[in-house]
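Structure file coords11.txt with compact mmCIF, C-alpha atoms:
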```
# COMPACT_ATOMS: atom_id res chain seq x y z
CA MET A 1 85.80 89.56 101.57
CA ASN A 2 86.89 88.96 105.15
CA PRO A 3 87.68 91.37 108.01
CA ASP A 4 91.44 90.75 107.66
CA ASP A 5 91.52 91.60 103.96
CA PRO A 6 94.22 94.24 103.36
CA LEU A 7 91.97 95.82 100.74
CA LEU A 8 89.72 97.10 103.55
CA ARG A 9 92.48 99.44 104.71
CA ILE A 10 92.54 101.31 101.41
CA LEU A 11 88.86 101.32 100.43
CA ALA A 12 87.11 104.65 100.97
CA CYS A 13 83.61 105.99 100.65
CA PRO A 14 83.19 107.66 97.26
CA LEU A 15 81.29 110.55 98.85
CA ASP A 16 83.32 111.62 101.91
CA LYS A 17 86.55 109.68 101.17
CA GLY A 18 86.52 108.28 104.73
CA PRO A 19 87.06 104.64 105.74
CA LEU A 20 84.44 101.95 105.27
CA HIS A 21 83.66 99.08 107.64
CA LEU A 22 82.83 95.51 106.69
CA VAL A 23 79.58 94.46 108.36
CA PRO A 24 79.11 90.71 108.72
CA PRO A 25 77.22 88.55 107.91
CA ASP A 26 75.63 90.71 105.19
CA ASP A 27 78.99 91.45 103.58
CA VAL A 28 78.30 95.10 103.01
CA LEU A 29 80.66 98.03 103.39
CA TYR A 30 79.28 100.69 105.70
CA ASN A 31 79.98 104.37 106.22
CA PRO A 32 78.62 105.24 109.68
CA ARG A 33 79.27 108.96 109.16
CA LEU A 34 76.83 109.22 106.25
CA HIS A 35 74.64 106.21 107.17
CA ARG A 36 75.33 104.63 103.76
CA ARG A 37 75.97 101.01 102.82
CA TYR A 38 77.65 99.70 99.70
CA PRO A 39 77.11 96.15 98.43
CA ILE A 40 79.77 93.57 97.68
CA VAL A 41 78.79 91.55 94.61
CA ASP A 42 80.74 88.38 93.84
CA GLY A 43 83.55 89.63 96.08
CA ILE A 44 83.78 93.02 94.34
CA PRO A 45 82.89 96.17 96.31
CA GLN A 46 80.42 98.36 94.44
CA LEU A 47 81.69 101.82 95.34
CA LEU A 48 80.01 104.10 92.85
CA PRO A 49 78.03 106.83 94.61
CA ALA A 50 74.84 105.53 92.96
CA SER A 51 75.49 102.03 94.39
CA GLY A 52 75.25 103.26 97.97
CA GLU A 53 72.01 103.11 99.88
CA GLN A 54 70.92 105.30 102.76
CA VAL A 55 70.02 103.25 105.85
CA THR A 56 67.37 103.93 108.47
CA ASP A 57 68.24 104.89 112.03
CA ASP A 58 67.37 101.36 113.18
CA GLU A 59 69.63 99.79 110.54
CA HIS A 60 72.39 102.21 111.54
CA GLU A 61 72.18 101.10 115.18
CA ASP A 62 72.19 97.45 114.10
CA PHE A 63 75.26 97.97 111.90
CA LEU A 64 77.11 99.74 114.73
CA LYS A 65 76.42 96.81 117.07
CA ARG A 66 77.63 94.28 114.50
CA MET A 67 80.77 96.31 113.76
CA THR A 68 81.84 96.14 117.41
CA GLN A 69 81.28 92.40 117.82
```

Go ahead and express the file in the form of structure tokens.
Amino acid sequence: MNPDDPLLRILACPLDKGPLHLVPPDDVLYNPRLHRRYPIVDGIPQLLPASGEQVTDDEHEDFLKRMTQ
């Protein structure tokens, strides 16, 4: 998945239904509102609520920095 993929505009977090952000180079989808990341496996976003992982405050700050670069 790349940042210009039109699929990114329609993907939403399964918990709060808000937009997700692609975080390179890890290729994870991130919800900064809930501090949750969702993996992309073989190009397929894993968007089941159980697939999401809570991130630490340090990881959150790192993801925010990478999202703005």

Excluding His21 of chain A and its own-chain neighbours fewer than 5 positions away, which residues fall within 9 Å of it when counting all atoms listed in the file? Please give them as a list in words.
Pro3, Leu8, Val28, Leu29, Tyr30, Asn31, Pro32 and Met67 of chain A

Lys17 of chain A surroundings by all atoms listed in the file, 12 Å radius, close-in-sequence under 2 positions cut, as a ChimeraX atom specification:
/A:10-15,19-20,31,33-34,47-49

Name the closest residue to Leu22 of chain A among the candidates A:Arg36, A:Met1, A:Asp42, A:Gln69; distances are taken between atoms, counting only C-alpha atoms.
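Looking at the shortest contact to Leu22 of chain A, the residue is A:Met1.
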
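Note that the spacing between atom CA of Gly52 of chain A and atom CA of Pro6 of chain A amounts to 21.7 Å.
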
Check the smallest atom-to-atom distance from each of A:Leu64, A:Arg37, A:Asp27, A:Pro45 to Leu7 of chain A using only C-alpha atoms, then report the winner.
A:Pro45

Rounded to one decimal place, report the atom CA of Ala50 of chain A-atom CA of Thr68 of chain A distance in Å.
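Separation of atom CA of Ala50 of chain A and atom CA of Thr68 of chain A: 27.1 Å.
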
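When only C-alpha atoms are used to compute distances to Val41 of chain A, the closest of the residues A:Asp16, A:Asp26, A:Val55, A:Asp5 turns out to be A:Asp26.
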
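Atom CA of Glu61 of chain A lies 12.1 Å from atom CA of Val23 of chain A.
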
Output as lines of an AutoDock Vina configuration file the centre and edge lengths (Å, one decimal) of the box along x, y and z of the file that holds every listed atom of segment 19-26 of chain A after adding 5 Å on each side.
```
center_x = 81.3
center_y = 96.6
center_z = 107.0
size_x = 21.4
size_y = 26.1
size_z = 13.5
```

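Proximity to Ile44 of chain A was assessed for A:Lys65, A:Pro25, A:Asn2, A:His60 counting all atoms listed in the file; the smallest distance is recorded for A:Asn2.
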